[in-house]
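Shown next: my_file-v5.cif, containing mmCIF, C-alpha atoms.
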data_work
loop_
_atom_site.label_atom_id
_atom_site.label_comp_id
_atom_site.auth_asym_id
_atom_site.auth_seq_id
_atom_site.Cartn_x
_atom_site.Cartn_y
_atom_site.Cartn_z
CA MET Z 16 -32.72 -25.55 -87.23
CA SER Z 17 -29.39 -24.35 -85.89
CA PHE Z 18 -28.40 -23.93 -82.27
CA PHE Z 19 -28.58 -20.15 -82.50
CA GLN Z 20 -32.08 -20.20 -83.97
CA LYS Z 21 -33.27 -22.54 -81.21
CA THR Z 22 -31.69 -20.30 -78.58
CA GLY Z 23 -33.27 -17.20 -80.12
CA ASN Z 24 -36.68 -18.87 -80.19
CA ALA Z 25 -36.32 -19.97 -76.57
CA ILE Z 26 -35.45 -16.43 -75.48
CA ALA Z 27 -38.40 -15.03 -77.46
CA ARG Z 28 -40.78 -17.51 -75.77
CA PHE Z 29 -39.35 -16.61 -72.35
CA MET Z 30 -39.71 -12.85 -72.94
CA TYR Z 31 -43.30 -13.13 -74.21
CA GLY Z 32 -45.56 -11.09 -71.90
CA ARG Z 33 -42.65 -9.36 -70.19
CA ASN Z 34 -41.75 -5.69 -70.23
CA GLY Z 35 -38.38 -5.80 -72.01
CA MET Z 36 -36.35 -2.65 -72.63
CA ASP Z 37 -38.14 0.69 -72.71
CA GLN Z 38 -36.83 4.27 -72.60
CA LEU Z 39 -36.50 4.30 -68.80
CA ASN Z 40 -34.52 1.05 -68.85
CA VAL Z 41 -32.25 2.37 -71.60
CA THR Z 42 -31.55 5.48 -69.50
CA LEU Z 43 -30.86 3.35 -66.41
CA LEU Z 44 -28.53 1.15 -68.49
CA ARG Z 45 -26.65 4.22 -69.73
CA GLY Z 46 -26.26 5.36 -66.13
CA TYR Z 47 -24.94 1.91 -65.23
CA LEU Z 48 -22.39 2.06 -68.06
CA ILE Z 49 -21.24 5.53 -66.95
CA LEU Z 50 -20.74 4.22 -63.41
CA PHE Z 51 -18.88 1.21 -64.82
CA LEU Z 52 -16.50 3.51 -66.75
CA ALA Z 53 -16.05 5.66 -63.63
CA GLN Z 54 -15.17 2.53 -61.68
CA ILE Z 55 -12.56 1.54 -64.28
CA ILE Z 56 -11.04 5.04 -64.21
CA CYS Z 57 -10.97 4.95 -60.41
CA SER Z 58 -9.20 1.59 -60.50
CA PHE Z 59 -6.43 3.05 -62.68
CA ALA Z 60 -6.18 6.10 -60.40
CA LYS Z 61 -6.06 3.83 -57.31
CA LEU Z 62 -9.11 5.48 -55.71
CA GLN Z 63 -10.42 2.55 -53.67
CA VAL Z 64 -13.20 4.49 -51.92
CA MET Z 65 -14.65 5.78 -55.19
CA MET Z 66 -14.50 2.27 -56.67
CA LEU Z 67 -16.46 0.97 -53.68
CA VAL Z 68 -19.06 3.74 -53.99
CA CYS Z 69 -19.50 2.98 -57.70
CA GLU Z 70 -19.92 -0.71 -56.99
CA ILE Z 71 -22.43 -0.08 -54.19
CA VAL Z 72 -24.55 2.01 -56.57
CA MET Z 73 -24.11 -0.32 -59.56
CA TRP Z 74 -25.55 -3.47 -57.94
CA PRO Z 75 -28.98 -2.08 -57.03
CA LEU Z 76 -29.12 -0.32 -60.40
CA MET Z 77 -28.53 -3.59 -62.26
CA VAL Z 78 -31.11 -5.37 -60.10
CA LEU Z 79 -33.63 -2.62 -60.92
CA ILE Z 80 -32.89 -2.87 -64.64
CA LEU Z 81 -33.33 -6.65 -64.63
CA PHE Z 82 -36.49 -6.42 -62.50
CA ARG Z 83 -38.09 -3.90 -64.86
CA MET Z 84 -37.02 -5.85 -67.94
CA LEU Z 85 -38.32 -9.23 -66.73
CA SER Z 86 -41.46 -7.93 -65.01
CA LYS Z 87 -44.82 -9.27 -66.17
CA ASN Z 88 -46.72 -6.38 -64.56
CA LEU Z 89 -46.88 -4.41 -67.80
CA TYR Z 90 -49.36 -1.82 -66.51
CA LYS Z 91 -47.06 -0.57 -63.74
CA ARG Z 92 -43.91 -0.63 -65.90
CA ARG Z 93 -45.66 1.30 -68.67
CA GLU Z 94 -46.93 3.83 -66.12
CA GLU Z 95 -43.38 4.29 -64.77
CA ASN Z 96 -42.05 4.76 -68.30
CA SER Z 97 -44.86 7.18 -69.13
CA ARG Z 98 -44.08 9.35 -66.08
CA PHE Z 99 -40.39 9.34 -67.02
CA MET Z 100 -41.12 10.35 -70.61
CA ARG Z 101 -43.48 13.15 -69.46
CA GLY Z 102 -40.66 14.51 -67.29
CA ILE Z 103 -38.18 14.36 -70.17
CA TRP Z 104 -40.71 16.02 -72.48
CA ASN Z 105 -41.29 18.84 -69.97
CA ILE Z 106 -37.55 19.47 -69.65
CA LYS Z 107 -37.07 19.55 -73.44
CA ASN Z 108 -40.04 21.89 -73.95
CA ARG Z 109 -38.90 24.23 -71.19
CA ARG Z 110 -35.42 24.46 -72.72
CA ALA Z 111 -36.79 25.04 -76.22
CA GLY Z 112 -39.16 27.75 -74.97
CA ALA Z 113 -36.38 29.51 -73.07
CA LYS Z 114 -34.20 29.43 -76.17
CA GLU Z 115 -36.98 30.97 -78.29
CA ARG Z 116 -37.69 33.67 -75.70
CA HIS Z 117 -34.00 34.56 -75.52
CA ALA Z 118 -33.83 34.91 -79.31
CA ASP Z 119 -36.93 37.18 -79.42
CA LYS Z 120 -35.58 40.76 -79.33
CA GLU Z 121 -38.95 42.46 -80.01
CA HIS Z 122 -40.62 41.34 -76.76
CA LYS Z 123 -39.81 41.18 -73.06
CA TYR Z 124 -41.05 38.24 -71.01
CA PHE Z 125 -42.23 38.39 -67.40
CA THR Z 126 -43.08 35.45 -65.15
CA CYS Z 127 -46.03 35.73 -62.77
CA LYS Z 128 -44.97 35.08 -59.18
CA ASN Z 129 -48.31 33.45 -58.29
CA CYS Z 130 -49.02 31.00 -61.11
CA LYS Z 131 -45.65 30.97 -62.98
CA ALA Z 132 -47.35 31.97 -66.26
CA ILE Z 133 -45.12 33.72 -68.81
CA CYS Z 134 -46.43 37.08 -70.04
CA ARG Z 135 -45.08 38.69 -73.22
CA VAL Z 136 -45.03 42.46 -73.77
CA PRO Z 137 -43.44 44.60 -76.50
CA VAL Z 138 -40.05 46.19 -75.82
CA GLY Z 139 -39.73 49.97 -75.41
CA LYS Z 140 -42.93 50.80 -73.49
CA GLY Z 141 -41.14 52.01 -70.31
CA LYS Z 142 -42.41 51.14 -66.83
CA ILE Z 143 -45.64 49.17 -67.05
CA ILE Z 144 -48.03 47.16 -64.91
CA ILE Z 145 -48.98 43.81 -66.45
CA THR Z 146 -52.07 41.89 -65.39
CA CYS Z 147 -51.55 38.14 -65.53
CA PRO Z 148 -54.11 36.56 -67.89
CA LYS Z 149 -54.30 33.37 -65.79
CA CYS Z 150 -54.64 34.57 -62.18
CA GLY Z 151 -55.12 38.34 -62.47
CA ALA Z 152 -52.08 39.26 -60.39
CA GLN Z 153 -50.23 42.44 -61.25
CA ILE Z 154 -46.60 42.43 -62.38
CA HIS Z 155 -44.58 45.65 -62.26
CA GLY Z 156 -41.80 45.80 -64.80
CA LYS Z 157 -39.73 47.85 -67.21
CA THR Z 158 -39.58 46.96 -70.90
#

This structure in structure tokens:
Amino acid sequence: MSFFQKTGNAIARFMYGRNGMDQLNVTLLRGYLILFLAQIICSFAKLQVMMLVCEIVMWPLMVLILFRMLSKNLYKRREENSRFMRGIWNIKNRRAGAKERHADKEHKYFTCKNCKAICRVPVGKGKIIITCPKCGAQIHGKT
């Protein structure tokens, strides 16, 4: 068995039962790399204050990444990652829905002020009063 195989096996044994890299850690690592590149650019531009700010933010970020990666409390780390992924999913869905509504030229969309529900009505009906299907509030609008 070669040195590299022994080293790989030792790392695998050490990481057994630990969290490792998940989507939240990958995102944090990308943020760290962006700050690292910003620090390099600031060093060429001779911006000492910005370099210091980048370094002050980079250290706790790296500690957080290592803590999450080496943590044996899998339940909490998975819950954190799950909340992060739900937030990302909500943002993606909201953007996709807005894009579809913008492309729909046959309907006009109104948002209820009370419950934030989106109501769809056909275009060309003039001034109308829409009753929200969720909360029953009335929306006055022109199609």

Item checked: Coordinates-based distance that separates CA of Leu43 in chain Z from CA of Gln20 in chain Z (Å, one decimal) ->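 Taking CA of Gln20 in chain Z as the start and CA of Leu43 in chain Z as the end point, the length is 29.4 Å.
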
Check: What is the distance between CA of Tyr90 in chain Z and CA of Ile49 in chain Z, in Å to one decimal?
Finding: 29.1 Å

Checklist line | Spatial neighbours of Ile143 in chain Z, 9 Å, only C-alpha atoms, chain gap at least 3 places, as a list in words | finding: Lys140, Ile154, His155, Gly156, Lys157 and Thr158 of chain Z

Checklist line | Output check: residues returned by the PyMOL selection byres ((chain Z and resi 111-128) around 8), as a list in words | finding: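 After applying the PyMOL selection byres ((chain Z and resi 111-128) around 8), what remains is Lys107, Asn108, Arg109, Arg110, Asn129, Cys130, Lys131, Ala132, Ile133, Cys134, Arg135, Val136, Pro137, Val138, Cys147, Ala152, Ile154, Gly156 and Thr158 of chain Z.
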
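The shortest atom-to-atom distance to Glu95 in chain Z, with all atoms listed in the file taken into account, belongs to Z:Arg83 out of Z:Thr42, Z:Arg83, Z:Ile26, Z:Gln54.
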
Margin query: So the first atom is CA of Met73 in chain Z and the second is CA of Leu50 in chain Z; what is the distance between them in Å, to one decimal place?
Written below: 6.8 Å

Margin query: Need to verify the contact set: Leu85 in chain Z, 10 Å, all atoms listed in the file, exclusion of same-chain residues closer than 5 positions in sequence. Can you return it as a VMD selection string?
Written below: chain Z and resid 29 to 36 79 to 80

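In terms of minimum interatomic distance to Met84 in chain Z, Z:Asn40 ranks closest within Z:Asn96, Z:Gly46, Z:Asn40, Z:Arg101, counting only C-alpha atoms.
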
Item checked: Nearest to Val41 in chain Z, chosen from Z:Asn105, Z:Pro148, Z:Met77, Z:Asn88, with all atoms listed in the file counted in the distances ->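 Smallest separation from Val41 in chain Z among the options: Z:Met77.
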
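The nearest approach to Met100 in chain Z among the residues Z:Ser17, Z:Ser58, Z:Gln38, Z:Thr146, with all atoms listed in the file taken into account, belongs to Z:Gln38.
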
Please complete range 28-46 of chain Z with N, CA and C atoms and give it back as a compact mmCIF listing (two decimals), in the frame of the given file.
# COMPACT_ATOMS: atom_id res chain seq x y z
N ARG Z 28 -39.67 -16.92 -76.53
CA ARG Z 28 -40.78 -17.51 -75.77
C ARG Z 28 -40.72 -17.08 -74.31
N PHE Z 29 -39.50 -17.02 -73.75
CA PHE Z 29 -39.35 -16.61 -72.35
C PHE Z 29 -39.77 -15.16 -72.15
N MET Z 30 -39.43 -14.29 -73.09
CA MET Z 30 -39.71 -12.85 -72.94
C MET Z 30 -41.15 -12.49 -73.30
N TYR Z 31 -41.92 -13.43 -73.84
CA TYR Z 31 -43.30 -13.13 -74.21
C TYR Z 31 -44.09 -12.73 -72.97
N GLY Z 32 -44.76 -11.57 -73.03
CA GLY Z 32 -45.56 -11.09 -71.90
C GLY Z 32 -44.76 -10.36 -70.85
N ARG Z 33 -43.50 -10.09 -71.12
CA ARG Z 33 -42.65 -9.36 -70.19
C ARG Z 33 -42.39 -7.97 -70.73
N ASN Z 34 -41.90 -7.09 -69.87
CA ASN Z 34 -41.75 -5.69 -70.23
C ASN Z 34 -40.65 -5.46 -71.26
N GLY Z 35 -39.50 -6.04 -71.09
CA GLY Z 35 -38.38 -5.80 -72.01
C GLY Z 35 -37.73 -4.45 -71.76
N MET Z 36 -37.06 -3.93 -72.77
CA MET Z 36 -36.35 -2.65 -72.63
C MET Z 36 -37.23 -1.52 -73.15
N ASP Z 37 -37.44 -0.52 -72.29
CA ASP Z 37 -38.14 0.69 -72.71
C ASP Z 37 -37.20 1.88 -72.49
N GLN Z 38 -37.69 3.09 -72.68
CA GLN Z 38 -36.83 4.27 -72.60
C GLN Z 38 -36.23 4.45 -71.20
N LEU Z 39 -37.01 4.17 -70.17
CA LEU Z 39 -36.50 4.30 -68.80
C LEU Z 39 -35.38 3.29 -68.55
N ASN Z 40 -35.56 2.06 -69.02
CA ASN Z 40 -34.52 1.05 -68.85
C ASN Z 40 -33.26 1.40 -69.63
N VAL Z 41 -33.42 1.96 -70.81
CA VAL Z 41 -32.25 2.37 -71.60
C VAL Z 41 -31.48 3.46 -70.86
N THR Z 42 -32.20 4.41 -70.27
CA THR Z 42 -31.55 5.48 -69.50
C THR Z 42 -30.85 4.91 -68.27
N LEU Z 43 -31.51 3.98 -67.57
CA LEU Z 43 -30.86 3.35 -66.41
C LEU Z 43 -29.62 2.57 -66.84
N LEU Z 44 -29.68 1.90 -67.98
CA LEU Z 44 -28.53 1.15 -68.49
C LEU Z 44 -27.38 2.09 -68.84
N ARG Z 45 -27.70 3.24 -69.43
CA ARG Z 45 -26.65 4.22 -69.73
C ARG Z 45 -26.00 4.73 -68.45
N GLY Z 46 -26.82 4.96 -67.43
CA GLY Z 46 -26.26 5.36 -66.13
C GLY Z 46 -25.35 4.29 -65.55
